[in-house]
Structures are given as C-alpha cells and as structure tokens.
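One file, work.cif, is given below (mmCIF, C-alpha atoms).
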```cif
data_entry
loop_
_atom_site.group_PDB
_atom_site.id
_atom_site.type_symbol
_atom_site.label_atom_id
_atom_site.label_comp_id
_atom_site.auth_asym_id
_atom_site.auth_seq_id
_atom_site.Cartn_x
_atom_site.Cartn_y
_atom_site.Cartn_z
ATOM 1 C CA MET A 1 135.289 195.601 116.695
ATOM 2 C CA ARG A 2 134.393 199.085 117.928
ATOM 3 C CA LEU A 3 130.946 199.428 119.414
ATOM 4 C CA ASP A 4 129.360 202.644 120.573
ATOM 5 C CA MET A 5 128.428 203.276 124.177
ATOM 6 C CA ALA A 6 124.799 202.194 123.843
ATOM 7 C CA ASP A 7 125.765 198.847 122.308
ATOM 8 C CA ARG A 8 128.338 198.285 125.052
ATOM 9 C CA GLN A 9 125.785 199.095 127.720
ATOM 10 C CA LEU A 10 123.282 196.726 126.155
ATOM 11 C CA ILE A 11 125.824 193.893 126.333
ATOM 12 C CA ASP A 12 127.201 194.798 129.772
ATOM 13 C CA ARG A 13 123.806 195.175 131.349
ATOM 14 C CA TYR A 14 122.021 192.307 129.637
ATOM 15 C CA GLN A 15 124.530 189.482 129.240
ATOM 16 C CA ARG A 16 122.518 188.252 132.190
ATOM 17 C CA ASP A 17 119.142 189.231 133.655
ATOM 18 C CA LEU A 18 117.386 190.254 130.493
ATOM 19 C CA PRO A 19 113.884 191.141 131.717
ATOM 20 C CA VAL A 20 111.285 188.441 131.204
ATOM 21 C CA SER A 21 108.365 190.844 131.219
ATOM 22 C CA GLU A 22 105.476 191.600 128.913
ATOM 23 C CA ARG A 23 107.539 194.131 126.957
ATOM 24 C CA PRO A 24 111.189 193.225 127.622
ATOM 25 C CA TYR A 25 112.706 195.579 125.056
ATOM 26 C CA GLU A 26 110.655 198.498 126.319
ATOM 27 C CA ASP A 27 111.883 197.817 129.872
ATOM 28 C CA MET A 28 115.478 197.635 128.631
ATOM 29 C CA ALA A 29 114.976 200.885 126.698
ATOM 30 C CA ARG A 30 113.716 202.643 129.794
ATOM 31 C CA ALA A 31 116.699 201.463 131.846
ATOM 32 C CA LEU A 32 119.191 202.669 129.228
ATOM 33 C CA GLY A 33 117.452 205.873 128.125
ATOM 34 C CA LEU A 34 116.728 204.584 124.627
ATOM 35 C CA THR A 35 113.502 203.902 122.770
ATOM 36 C CA GLU A 36 112.076 200.379 122.403
ATOM 37 C CA GLU A 37 112.586 200.659 118.660
ATOM 38 C CA GLU A 38 116.261 201.558 119.140
ATOM 39 C CA VAL A 39 116.812 198.602 121.469
ATOM 40 C CA ILE A 40 115.250 196.217 118.954
ATOM 41 C CA GLU A 41 117.236 197.724 116.078
ATOM 42 C CA ARG A 42 120.513 197.541 117.990
ATOM 43 C CA LEU A 43 119.966 193.981 119.169
ATOM 44 C CA SER A 44 118.997 192.923 115.637
ATOM 45 C CA ALA A 45 122.108 194.578 114.183
ATOM 46 C CA LEU A 46 124.413 193.031 116.804
ATOM 47 C CA GLN A 47 122.862 189.631 116.118
ATOM 48 C CA GLU A 48 123.204 190.166 112.374
ATOM 49 C CA GLN A 49 126.916 190.942 112.810
ATOM 50 C CA GLN A 50 127.169 187.862 115.047
ATOM 51 C CA ILE A 51 128.524 189.943 117.929
ATOM 52 C CA LEU A 52 125.592 188.510 119.821
ATOM 53 C CA SER A 53 125.181 184.801 119.219
ATOM 54 C CA ARG A 54 121.569 185.233 120.284
ATOM 55 C CA VAL A 55 119.188 187.174 122.496
ATOM 56 C CA GLY A 56 117.287 184.715 124.591
ATOM 57 C CA PRO A 57 117.345 181.833 127.033
ATOM 58 C CA VAL A 58 120.394 179.782 127.969
ATOM 59 C CA PHE A 59 119.153 176.352 128.960
ATOM 60 C CA GLU A 60 120.500 174.204 131.754
ATOM 61 C CA HIS A 61 121.707 171.000 130.136
ATOM 62 C CA SER A 62 121.326 168.947 133.288
ATOM 63 C CA GLN A 63 117.658 169.932 133.482
ATOM 64 C CA ALA A 64 116.816 169.417 129.828
ATOM 65 C CA GLY A 65 119.044 166.372 129.447
ATOM 66 C CA ALA A 66 122.575 165.207 130.179
ATOM 67 C CA SER A 67 125.949 166.482 128.986
ATOM 68 C CA LEU A 68 129.606 165.754 129.516
ATOM 69 C CA LEU A 69 132.976 167.239 128.595
ATOM 70 C CA ALA A 70 135.287 164.706 126.970
ATOM 71 C CA ALA A 71 138.725 164.784 125.372
ATOM 72 C CA VAL A 72 140.810 162.574 123.127
ATOM 73 C CA ALA A 73 144.467 162.621 122.136
ATOM 74 C CA ALA A 74 144.344 162.384 118.351
ATOM 75 C CA PRO A 75 147.610 161.715 116.480
ATOM 76 C CA ASP A 76 148.509 164.927 114.593
ATOM 77 C CA GLU A 77 148.121 163.396 111.145
ATOM 78 C CA GLN A 78 144.628 162.107 112.018
ATOM 79 C CA MET A 79 143.404 165.222 113.746
ATOM 80 C CA ASP A 80 141.074 166.447 110.967
ATOM 81 C CA LEU A 81 139.577 163.019 110.481
ATOM 82 C CA VAL A 82 138.981 162.468 114.175
ATOM 83 C CA ALA A 83 137.525 165.964 114.592
ATOM 84 C CA ALA A 84 135.125 165.390 111.697
ATOM 85 C CA ARG A 85 134.038 162.060 113.155
ATOM 86 C CA ILE A 86 133.371 163.712 116.529
ATOM 87 C CA ASN A 87 131.381 166.525 114.905
ATOM 88 C CA ARG A 88 129.194 163.978 113.104
ATOM 89 C CA ALA A 89 128.352 162.088 116.288
ATOM 90 C CA PRO A 90 124.827 162.765 117.558
ATOM 91 C CA GLY A 91 124.696 165.166 120.495
ATOM 92 C CA VAL A 92 128.067 166.901 120.068
ATOM 93 C CA ASN A 93 127.541 170.647 120.444
ATOM 94 C CA HIS A 94 131.047 171.990 121.090
ATOM 95 C CA ASN A 95 134.370 170.818 119.761
ATOM 96 C CA TYR A 96 137.604 172.741 120.312
ATOM 97 C CA ALA A 97 141.117 171.934 119.197
ATOM 98 C CA ARG A 98 143.516 172.679 122.038
ATOM 99 C CA GLU A 99 147.289 172.731 122.293
ATOM 100 C CA HIS A 100 147.926 169.666 124.444
ATOM 101 C CA THR A 101 148.421 165.904 124.112
ATOM 102 C CA TYR A 102 144.657 165.798 124.623
ATOM 103 C CA ASN A 103 144.043 167.959 121.600
ATOM 104 C CA LEU A 104 140.304 167.612 120.917
ATOM 105 C CA TRP A 105 137.818 168.722 123.576
ATOM 106 C CA PHE A 106 134.114 168.336 123.010
ATOM 107 C CA VAL A 107 130.792 168.405 124.832
ATOM 108 C CA MET A 108 128.436 165.494 124.267
ATOM 109 C CA THR A 109 124.754 165.964 125.096
ATOM 110 C CA ALA A 110 121.820 163.536 125.238
ATOM 111 C CA PRO A 111 118.218 163.443 126.460
ATOM 112 C CA ASN A 112 119.324 161.402 129.509
ATOM 113 C CA GLY A 113 122.345 159.837 131.192
ATOM 114 C CA ASP A 114 121.890 156.367 129.690
ATOM 115 C CA ILE A 115 121.780 157.634 126.122
ATOM 116 C CA LEU A 116 124.760 159.859 126.901
ATOM 117 C CA GLU A 117 126.811 156.815 127.973
ATOM 118 C CA GLU A 118 125.745 154.922 124.850
ATOM 119 C CA ARG A 119 126.741 157.815 122.615
ATOM 120 C CA LEU A 120 130.134 158.157 124.287
ATOM 121 C CA ASP A 121 130.781 154.403 124.154
ATOM 122 C CA GLU A 122 129.851 154.268 120.507
ATOM 123 C CA LEU A 123 132.031 157.240 119.603
ATOM 124 C CA GLU A 124 134.963 155.865 121.597
ATOM 125 C CA HIS A 125 134.571 152.551 119.793
ATOM 126 C CA HIS A 126 134.568 154.264 116.370
ATOM 127 C CA LEU A 127 137.520 156.512 117.151
ATOM 128 C CA LYS A 128 139.578 153.679 118.642
ATOM 129 C CA LEU A 129 141.049 156.275 121.001
ATOM 130 C CA PRO A 130 140.712 156.257 124.784
ATOM 131 C CA MET A 131 138.380 159.025 125.845
ATOM 132 C CA LEU A 132 138.848 161.212 128.900
ATOM 133 C CA ARG A 133 135.401 161.617 130.456
ATOM 134 C CA LEU A 134 135.139 164.693 132.656
ATOM 135 C CA PRO A 135 131.686 165.146 134.154
ATOM 136 C CA MET A 136 131.134 168.226 136.277
ATOM 137 C CA VAL A 137 131.551 167.324 139.950
ATOM 138 C CA GLU A 138 130.942 170.824 141.309
ATOM 139 C CA GLY A 139 130.163 174.095 139.516
ATOM 140 C CA TYR A 140 131.673 177.273 140.964
ATOM 141 C CA HIS A 141 130.774 179.643 138.175
ATOM 142 C CA ILE A 142 128.523 178.341 135.452
ATOM 143 C CA ASP A 143 128.578 180.297 132.216
ATOM 144 C CA LEU A 144 127.221 183.616 133.422
ATOM 145 C CA GLY A 145 129.453 185.587 131.110
ATOM 146 C CA PHE A 146 132.217 187.818 132.420
ATOM 147 C CA ASP A 147 132.898 191.536 132.559
ATOM 148 C CA ILE A 148 134.054 192.823 129.205
ATOM 149 C CA ASP A 149 137.027 195.161 129.259
ATOM 150 C CA TRP A 150 136.034 197.314 126.277
ATOM 151 C CA GLU A 151 139.169 199.462 126.326
ATOM 152 C CA ALA A 152 141.393 196.428 126.003
ATOM 153 C CA LEU A 153 139.656 195.144 122.881
ATOM 154 C CA PRO A 154 141.278 195.676 119.494
ATOM 155 C CA MET B 1 114.061 176.815 150.440
ATOM 156 C CA SER B 2 112.725 173.821 148.560
ATOM 157 C CA THR B 3 114.381 174.748 145.271
ATOM 158 C CA SER B 4 116.046 171.387 144.844
ATOM 159 C CA THR B 5 112.764 169.574 145.378
ATOM 160 C CA SER B 6 110.831 171.687 142.917
ATOM 161 C CA ARG B 7 113.653 171.307 140.414
ATOM 162 C CA SER B 8 113.682 167.553 140.483
ATOM 163 C CA ASP B 9 109.886 167.382 140.540
ATOM 164 C CA HIS B 10 109.527 169.488 137.471
ATOM 165 C CA GLN B 11 108.870 167.513 134.338
ATOM 166 C CA LEU B 12 109.122 169.034 130.919
ATOM 167 C CA CYS B 13 105.787 168.698 129.207
ATOM 168 C CA ASP B 14 105.348 168.766 125.424
ATOM 169 C CA ARG B 15 104.262 172.404 125.432
ATOM 170 C CA ASP B 16 107.444 173.376 127.287
ATOM 171 C CA ARG B 17 109.537 171.377 124.841
ATOM 172 C CA GLU B 18 107.863 173.182 121.937
ATOM 173 C CA LEU B 19 108.686 176.475 123.604
ATOM 174 C CA ILE B 20 112.334 175.422 124.109
ATOM 175 C CA LEU B 21 112.567 174.455 120.438
ATOM 176 C CA ALA B 22 111.080 177.791 119.407
ATOM 177 C CA THR B 23 113.372 179.904 121.604
ATOM 178 C CA GLN B 24 116.712 178.074 121.732
ATOM 179 C CA GLY B 25 117.919 180.099 118.749
ATOM 180 C CA GLY B 26 116.773 183.329 120.439
ATOM 181 C CA LEU B 27 113.659 185.339 121.221
ATOM 182 C CA PRO B 28 111.841 187.214 118.442
ATOM 183 C CA LEU B 29 113.125 190.794 118.305
ATOM 184 C CA VAL B 30 109.723 192.446 118.144
ATOM 185 C CA PRO B 31 107.922 194.575 120.741
ATOM 186 C CA ASP B 32 105.791 191.650 121.977
ATOM 187 C CA PRO B 33 107.936 188.517 121.562
ATOM 188 C CA TRP B 34 105.445 186.380 123.529
ATOM 189 C CA ALA B 35 102.608 187.144 121.135
ATOM 190 C CA GLU B 36 104.896 186.332 118.208
ATOM 191 C CA LEU B 37 105.858 182.985 119.806
ATOM 192 C CA GLY B 38 102.213 182.359 120.666
ATOM 193 C CA HIS B 39 101.350 182.833 117.033
ATOM 194 C CA GLN B 40 103.987 180.272 115.989
ATOM 195 C CA LEU B 41 102.971 177.763 118.666
ATOM 196 C CA ALA B 42 99.204 178.313 118.621
ATOM 197 C CA MET B 43 99.371 179.264 122.307
ATOM 198 C CA PRO B 44 98.021 182.408 123.992
ATOM 199 C CA ALA B 45 100.750 185.009 124.623
ATOM 200 C CA ASP B 46 100.202 184.998 128.389
ATOM 201 C CA GLU B 47 100.617 181.210 128.476
ATOM 202 C CA VAL B 48 103.909 181.528 126.577
ATOM 203 C CA LEU B 49 105.198 184.093 129.075
ATOM 204 C CA ALA B 50 103.958 182.093 132.074
ATOM 205 C CA ARG B 51 105.625 178.882 130.821
ATOM 206 C CA PHE B 52 108.839 180.752 130.114
ATOM 207 C CA GLN B 53 108.865 182.274 133.614
ATOM 208 C CA ARG B 54 108.112 178.869 135.149
ATOM 209 C CA MET B 55 111.115 177.329 133.334
ATOM 210 C CA GLN B 56 113.238 180.158 134.718
ATOM 211 C CA GLU B 57 112.040 179.484 138.265
ATOM 212 C CA THR B 58 112.698 175.757 138.008
ATOM 213 C CA GLY B 59 116.180 176.333 136.594
ATOM 214 C CA ILE B 60 115.624 174.808 133.146
ATOM 215 C CA ILE B 61 116.426 178.280 131.856
ATOM 216 C CA ARG B 62 119.722 179.204 133.494
ATOM 217 C CA ARG B 63 119.766 182.784 132.313
ATOM 218 C CA VAL B 64 118.102 185.025 129.767
ATOM 219 C CA ALA B 65 120.625 187.163 128.015
ATOM 220 C CA ALA B 66 122.059 189.045 125.113
ATOM 221 C CA VAL B 67 124.747 186.385 124.658
ATOM 222 C CA PRO B 68 127.959 187.896 123.249
ATOM 223 C CA ASP B 69 130.289 185.951 120.971
ATOM 224 C CA HIS B 70 133.555 186.695 122.767
ATOM 225 C CA TYR B 71 135.656 185.687 119.817
ATOM 226 C CA LYS B 72 133.837 188.168 117.553
ATOM 227 C CA LEU B 73 134.237 190.881 120.176
ATOM 228 C CA GLY B 74 137.986 190.486 119.977
ATOM 229 C CA TYR B 75 138.788 187.923 122.623
ATOM 230 C CA ARG B 76 140.771 185.805 120.200
ATOM 231 C CA PHE B 77 142.585 183.824 122.871
ATOM 232 C CA ASN B 78 140.751 181.310 124.965
ATOM 233 C CA GLY B 79 142.660 179.454 127.624
ATOM 234 C CA MET B 80 141.285 176.548 129.598
ATOM 235 C CA THR B 81 143.354 176.693 132.769
ATOM 236 C CA VAL B 82 143.559 173.387 134.616
ATOM 237 C CA SER B 83 144.967 172.860 138.095
ATOM 238 C CA ASP B 84 145.660 169.968 140.412
ATOM 239 C CA VAL B 85 144.162 171.183 143.696
ATOM 240 C CA ARG B 86 144.100 169.332 147.009
ATOM 241 C CA ASP B 87 140.685 167.688 147.450
ATOM 242 C CA GLU B 88 140.212 169.196 150.922
ATOM 243 C CA ALA B 89 140.720 172.728 149.610
ATOM 244 C CA ILE B 90 139.045 172.601 146.209
ATOM 245 C CA THR B 91 135.502 173.675 147.119
ATOM 246 C CA GLU B 92 136.643 176.818 148.893
ATOM 247 C CA LEU B 93 139.272 177.695 146.289
ATOM 248 C CA GLY B 94 136.993 176.831 143.373
ATOM 249 C CA LYS B 95 134.459 179.387 144.599
ATOM 250 C CA LYS B 96 137.189 182.051 144.857
ATOM 251 C CA VAL B 97 138.460 181.328 141.345
ATOM 252 C CA GLY B 98 134.867 181.399 140.054
ATOM 253 C CA GLU B 99 134.481 184.892 141.510
ATOM 254 C CA LEU B 100 137.415 186.344 139.554
ATOM 255 C CA PRO B 101 135.896 188.854 137.107
ATOM 256 C CA PHE B 102 137.625 187.359 134.054
ATOM 257 C CA VAL B 103 136.635 183.723 134.634
ATOM 258 C CA SER B 104 133.631 182.671 132.534
ATOM 259 C CA HIS B 105 133.290 179.069 133.773
ATOM 260 C CA CYS B 106 134.803 177.280 136.732
ATOM 261 C CA TYR B 107 134.192 173.619 137.511
ATOM 262 C CA ARG B 108 135.554 170.708 139.473
ATOM 263 C CA ARG B 109 136.006 167.575 137.362
ATOM 264 C CA PRO B 110 137.453 164.141 138.197
ATOM 265 C CA ARG B 111 141.118 163.249 137.783
ATOM 266 C CA HIS B 112 142.022 160.270 135.608
ATOM 267 C CA LEU B 113 145.381 159.151 136.961
ATOM 268 C CA PRO B 114 147.906 158.587 135.589
ATOM 269 C CA TYR B 115 146.731 160.308 132.389
ATOM 270 C CA TRP B 116 145.090 163.379 133.788
ATOM 271 C CA SER B 117 145.844 164.871 137.197
ATOM 272 C CA TYR B 118 143.913 168.174 136.995
ATOM 273 C CA ASN B 119 140.649 168.615 138.876
ATOM 274 C CA LEU B 120 139.907 172.358 138.684
ATOM 275 C CA PHE B 121 138.961 173.929 135.345
ATOM 276 C CA ALA B 122 138.638 177.689 134.833
ATOM 277 C CA MET B 123 138.028 179.320 131.462
ATOM 278 C CA VAL B 124 139.849 182.564 130.734
ATOM 279 C CA HIS B 125 139.546 184.845 127.697
ATOM 280 C CA GLY B 126 141.979 187.435 126.412
ATOM 281 C CA THR B 127 142.949 189.559 123.445
ATOM 282 C CA SER B 128 146.478 188.167 123.503
ATOM 283 C CA ARG B 129 148.349 185.181 124.864
ATOM 284 C CA ASP B 130 150.080 187.466 127.348
ATOM 285 C CA GLU B 131 146.751 188.561 128.730
ATOM 286 C CA VAL B 132 145.576 184.956 129.199
ATOM 287 C CA GLU B 133 148.954 184.097 130.739
ATOM 288 C CA ASN B 134 148.651 186.982 133.156
ATOM 289 C CA LYS B 135 145.141 185.993 134.228
ATOM 290 C CA ALA B 136 146.182 182.349 134.620
ATOM 291 C CA GLN B 137 149.014 183.547 136.859
ATOM 292 C CA GLN B 138 146.484 185.289 139.085
ATOM 293 C CA ILE B 139 144.593 181.991 139.409
ATOM 294 C CA ARG B 140 147.821 180.181 140.249
ATOM 295 C CA GLU B 141 148.655 182.734 142.958
ATOM 296 C CA LEU B 142 145.185 182.441 144.454
ATOM 297 C CA LEU B 143 145.518 178.649 144.650
ATOM 298 C CA GLY B 144 148.900 178.946 146.327
ATOM 299 C CA ALA B 145 150.355 175.882 148.033
ATOM 300 C CA SER B 146 147.145 173.870 147.547
ATOM 301 C CA CYS B 147 147.962 173.597 143.853
ATOM 302 C CA SER B 148 150.568 171.061 142.793
ATOM 303 C CA GLY B 149 150.220 171.356 139.041
ATOM 304 C CA HIS B 150 148.819 173.895 136.606
ATOM 305 C CA THR B 151 148.748 174.418 132.856
ATOM 306 C CA ILE B 152 146.850 176.317 130.167
ATOM 307 C CA LEU B 153 145.246 174.613 127.193
ATOM 308 C CA TYR B 154 144.891 177.269 124.500
ATOM 309 C CA SER B 155 142.263 176.701 121.865
ATOM 310 C CA SER B 156 143.750 176.557 118.387
ATOM 311 C CA ALA B 157 140.467 176.150 116.497
ATOM 312 C CA ILE B 158 136.751 176.167 117.169
ATOM 313 C CA LEU B 159 135.579 173.114 115.254
ATOM 314 C CA LYS B 160 131.980 173.247 116.383
ATOM 315 C CA LYS B 161 129.968 175.532 118.626
ATOM 316 C CA THR B 162 126.219 175.524 119.034
ATOM 317 C CA GLY B 163 123.965 176.130 121.997
ATOM 318 C CA LEU B 164 121.856 173.386 123.444
ATOM 319 C CA ARG B 165 119.821 171.891 120.661
ATOM 320 C CA LEU B 166 116.848 169.910 121.735
ATOM 321 C CA ARG B 167 115.823 167.320 119.180
ATOM 322 C CA LYS B 168 112.406 165.859 118.804
#
```

Represent the structure of the file as structure tokens.
Amino acid sequence: MRLDMADRQLIDRYQRDLPVSERPYEDMARALGLTEEEVIERLSALQEQQILSRVGPVFEHSQAGASLLAAVAAPDEQMDLVAARINRAPGVNHNYAREHTYNLWFVMTAPNGDILEERLDELEHHLKLPMLRLPMVEGYHIDLGFDIDWEALP
Amino acid sequence: MSTSTSRSDHQLCDRDRELILATQGGLPLVPDPWAELGHQLAMPADEVLARFQRMQETGIIRRVAAVPDHYKLGYRFNGMTVSDVRDEAITELGKKVGELPFVSHCYRRPRHLPYWSYNLFAMVHGTSRDEVENKAQQIRELLGASCSGHTILYSSAILKKTGLRLRK
C-alpha cells in the first residue's frame, strides 16, 4: 500500500493526539499545510480504503467496563468450531488464532467485573476447555500505536 | 495530582453513554463534527464538545486518533512476544520494553503454572517473520539474565476484531 507524503504525515502525526477543538480538521490542516477540505477528503478516503479503521476516540475498557485477555488450547480438528463459539459469545471483541498450543486468543468485555466473570464461566462451560485467564496486572505501554516505518512497507 | 480520585469518582451518565455510542465507530468527517453529533443526539454542539473533553480528562477516552489498520498498511506479521521475567525486575524492564519504538502494547499478566509461565507480553508488528524475529530478539537482549523463557506467538488468522462496543 503506497501512500503519498500527506497521507503518511496525517497518520504519523495523528495516530495519537488528534485535536479535540472546535474545528479539529482545520487545526490539523494548518499544522500540515493543507486545507480543511483536503484533510477531510484524505481521512474519508483512508477510512474508505480501511487503512484507517476509524478517526475518533479510543475508549478505556477499564473505565467504561471490564475486559480480559483469555486463551484456550483447541484441538486442531475443532478449531473452527471453537473459534465460532467464542465469536458468538457476548462481549468478545477480538479473537486471534495463534501458532501455539494455546491457539485461540480473545478479549472478553463486559459492563462490569461480575458480568465479565459470568461470561467467562459460561463460555468455559460451553467449550469444555480450560481457559487461561490473563488480566492485565500492569500496563507499560497501552495501545498508543507505534512509529510506522514507511520505507519498509511493501 | 488527584487524577486517580477524579477517575474513580467519575460516573458515566446517560448522555455520556449516548455520546460514546455515537462516536465509537468514529467522529463525523465534516468541518464541525460536534454540531453534527449534536444534531444526532439532540444536544447543543458546545455540550457535545465539553462532554467529550471531560471524558478525555477522566481517562474514559484513552486517545483520540486516526487509528491505522496495521495489517492493511502492510504489517502482515503480528507477533505476541511472551517472556518469563523475574518478578523483582519486571516493572523496570516492562517500562523499557514498552518504550521500544516498535512495541504497540506491553503488559504484565499473571503466570498460570504449570501451564503458562510467561508474565510479560509485548506486541510486535512486522512486514515479514524475519522482521518480527529480529525485533523479538531485541526484546530478549534487553531483558537479559532476568528472562528465563521467551517465545513468539504469531497470529495465523484474525477471527474477530472490533473496537470497544458499548451495548445498551
């Protein structure tokens, strides 16, 4: 995916600290030497192409509810079935297959800790697989993005 | 600083929840997004902006961003590096790993012995397996003798990925 310099700058500069001002896109335009209209057009196009998953707030799960990373070791032949069952469970918002004995890794969310426990217990009961529950104990770097090495991209 | 107090004291009211629901998929891409949201929520534009800023201050909104999809950008390889780090050293080393420019998330999580012995998780992205391997090696070197076990869990498929979705 080749992006021009202005698109790269938009992403580099605003993958955090997008201005929360009366006219955010105008402020961004001024900082990058573009027009407000250009900023809006570029962001819309990048969103349309799904290069940006969205332009907006990233919410703190622990403030708006509870969440937990969990993993199960699904037998290879049952992997699809188990994954589908996990995806159907209320509150699951991420589910990744990973190359390990623990091969399905998902994030369960809920409005509060009690409901979270209930949801995990119920899912564990349905799956009939022991579940690794991995709450965050300390956060050292919490999803703030990372520097993109544009030259290294295909 | 009384940040922690104001955080725990802050309760989400219904109007805030409406605003979260309206913005969790993104802000309107129009010159005055607050007026547009105000129109949807039957709320004055300045109230929308003030509530949004208040949620930022209290930490409910962690960041406001143009959020890139790293996979779409070309980072096809995603490695969750996990390490078994001495408890006495993990806080200091975790912070250092979190500061590496290529680490997107870094957390301490509990061990579950004997099934799971790793307590430090750092997410690394790359355009090839070699690149992820190389970055993971840098983490391993930084951890040094405090690390007694380390592996990389590559993702083989994204089966579901959505942002926080608040339900009514």

Please, which residues in chain B fall within 7 Å of chain A when counting all atoms listed in the file, and what is the closest atom pair and distance in Å to one decimal for each, ordered by chain then residue number, as CSV?
```
residue,atom,partner,partner_atom,distance
B:Thr23,CA,A:Gly56,CA,6.9
B:Gln24,CA,A:Pro57,CA,6.5
B:Gly25,CA,A:Arg54,CA,6.5
B:Gly26,CA,A:Gly56,CA,4.4
B:Leu27,CA,A:Gly56,CA,5.0
B:Leu29,CA,A:Ile40,CA,5.9
B:Val30,CA,A:Ile40,CA,6.7
B:Pro31,CA,A:Arg23,CA,6.2
B:Asp32,CA,A:Arg23,CA,5.8
B:Gly59,CA,A:Glu60,CA,6.8
B:Ile60,CA,A:Glu60,CA,5.1
B:Ile61,CA,A:Phe59,CA,4.4
B:Arg62,CA,A:Glu60,CA,5.4
B:Arg63,CA,A:Val58,CA,5.3
B:Val64,CA,A:Pro57,CA,4.3
B:Ala65,CA,A:Gln15,CA,4.7
B:Ala66,CA,A:Val55,CA,4.3
B:Val67,CA,A:Leu52,CA,5.4
B:Pro68,CA,A:Leu52,CA,4.2
B:Asp69,CA,A:Ile51,CA,5.3
B:Lys72,CA,A:Ile51,CA,5.6
B:Leu73,CA,A:Met1,CA,6.0
B:Gly74,CA,A:Leu153,CA,5.7
B:Gly94,CA,A:Tyr140,CA,5.9
B:Lys95,CA,A:Tyr140,CA,5.0
B:Gly98,CA,A:His141,CA,4.8
B:Pro101,CA,A:Phe146,CA,6.0
B:Phe102,CA,A:Phe146,CA,5.7
B:Val103,CA,A:Phe146,CA,6.4
B:Ser104,CA,A:Gly145,CA,5.3
B:His105,CA,A:His141,CA,5.1
B:Cys106,CA,A:His141,CA,4.9
B:Tyr107,CA,A:Gly139,CA,4.5
B:Arg108,CA,A:Glu138,CA,5.0
B:Arg109,CA,A:Met136,CA,5.0
B:Pro110,CA,A:Leu134,CA,6.0
B:Thr127,CA,A:Leu153,CA,6.5
B:Leu153,CA,A:Glu99,CA,5.6
B:Tyr154,CA,A:Arg98,CA,5.4
B:Ser155,CA,A:Arg98,CA,4.2
B:Ser156,CA,A:Arg98,CA,5.3
B:Ala157,CA,A:Ala97,CA,5.0
B:Ile158,CA,A:Tyr96,CA,4.7
B:Leu159,CA,A:Asn95,CA,5.2
B:Lys160,CA,A:Asn95,CA,4.8
B:Lys161,CA,A:His94,CA,4.4
B:Thr162,CA,A:Asn93,CA,5.2
B:Gly163,CA,A:Asn93,CA,6.7
B:Leu164,CA,A:Phe59,CA,6.8
```

- Pairwise distance for atom CA of Val72 of chain A and atom CA of Pro90 of chain A, rounded to one decimal in Å: 16.9 Å

- Run through the PyMOL selection byres ((chain A and resi 131) around 9) on the given coordinates and return the selected residues as a PyMOL selection string. chain A and resi 70-73+120+124+129-130+132-133

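The smallest atom-to-atom distance between Gln137 of chain B and any of B:Asn119, B:Thr58, B:Thr151, B:Gln40, using only C-alpha atoms, is found for B:Thr151.
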
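The spacing separating atom CA of Thr81 of chain B from atom CA of Phe121 of chain B amounts to 5.8 Å.
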
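Interatomic distance, atom CA of Cys147 of chain B against atom CA of Ser117 of chain B: 11.2 Å.
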
Extract segment 132-145 of chain A from the preceding block and save N, CA and C atoms as a tab-separated table (two decimals), in the first residue's frame.
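Here's the written file selection17.tsv:
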```
chain	number	residue	atom	x	y	z
A	132	LEU	N	-7.31	-20.05	29.92
A	132	LEU	CA	-6.24	-19.28	30.55
A	132	LEU	C	-6.76	-17.85	30.71
A	133	ARG	N	-6.87	-17.38	31.94
A	133	ARG	CA	-7.37	-16.02	32.15
A	133	ARG	C	-6.21	-15.10	32.50
A	134	LEU	N	-6.01	-14.07	31.69
A	134	LEU	CA	-4.80	-13.25	31.80
A	134	LEU	C	-5.12	-11.77	31.95
A	135	PRO	N	-5.66	-11.40	33.12
A	135	PRO	CA	-5.94	-9.98	33.32
A	135	PRO	C	-4.66	-9.15	33.30
A	136	MET	N	-4.77	-7.89	32.93
A	136	MET	CA	-3.61	-7.02	32.98
A	136	MET	C	-3.26	-6.75	34.44
A	137	VAL	N	-2.00	-6.97	34.80
A	137	VAL	CA	-1.55	-6.66	36.16
A	137	VAL	C	-0.91	-5.27	36.18
A	138	GLU	N	-0.11	-4.99	35.16
A	138	GLU	CA	0.49	-3.67	35.00
A	138	GLU	C	0.55	-3.37	33.50
A	139	GLY	N	0.30	-2.12	33.13
A	139	GLY	CA	0.42	-1.72	31.72
A	139	GLY	C	1.65	-0.86	31.55
A	140	TYR	N	2.52	-1.22	30.62
A	140	TYR	CA	3.74	-0.43	30.39
A	140	TYR	C	3.62	0.42	29.14
A	141	HIS	N	2.78	-0.03	28.24
A	141	HIS	CA	2.57	0.73	27.01
A	141	HIS	C	1.23	0.26	26.47
A	142	ILE	N	0.24	1.13	26.60
A	142	ILE	CA	-1.13	0.69	26.34
A	142	ILE	C	-1.63	1.24	25.01
A	143	ASP	N	-1.51	0.47	23.97
A	143	ASP	CA	-2.14	0.77	22.69
A	143	ASP	C	-2.09	2.24	22.29
A	144	LEU	N	-0.90	2.77	22.16
A	144	LEU	CA	-0.76	4.15	21.70
A	144	LEU	C	-0.25	4.18	20.26
A	145	GLY	N	-0.33	3.04	19.60
A	145	GLY	CA	0.22	2.95	18.26
A	145	GLY	C	1.72	2.79	18.34
```
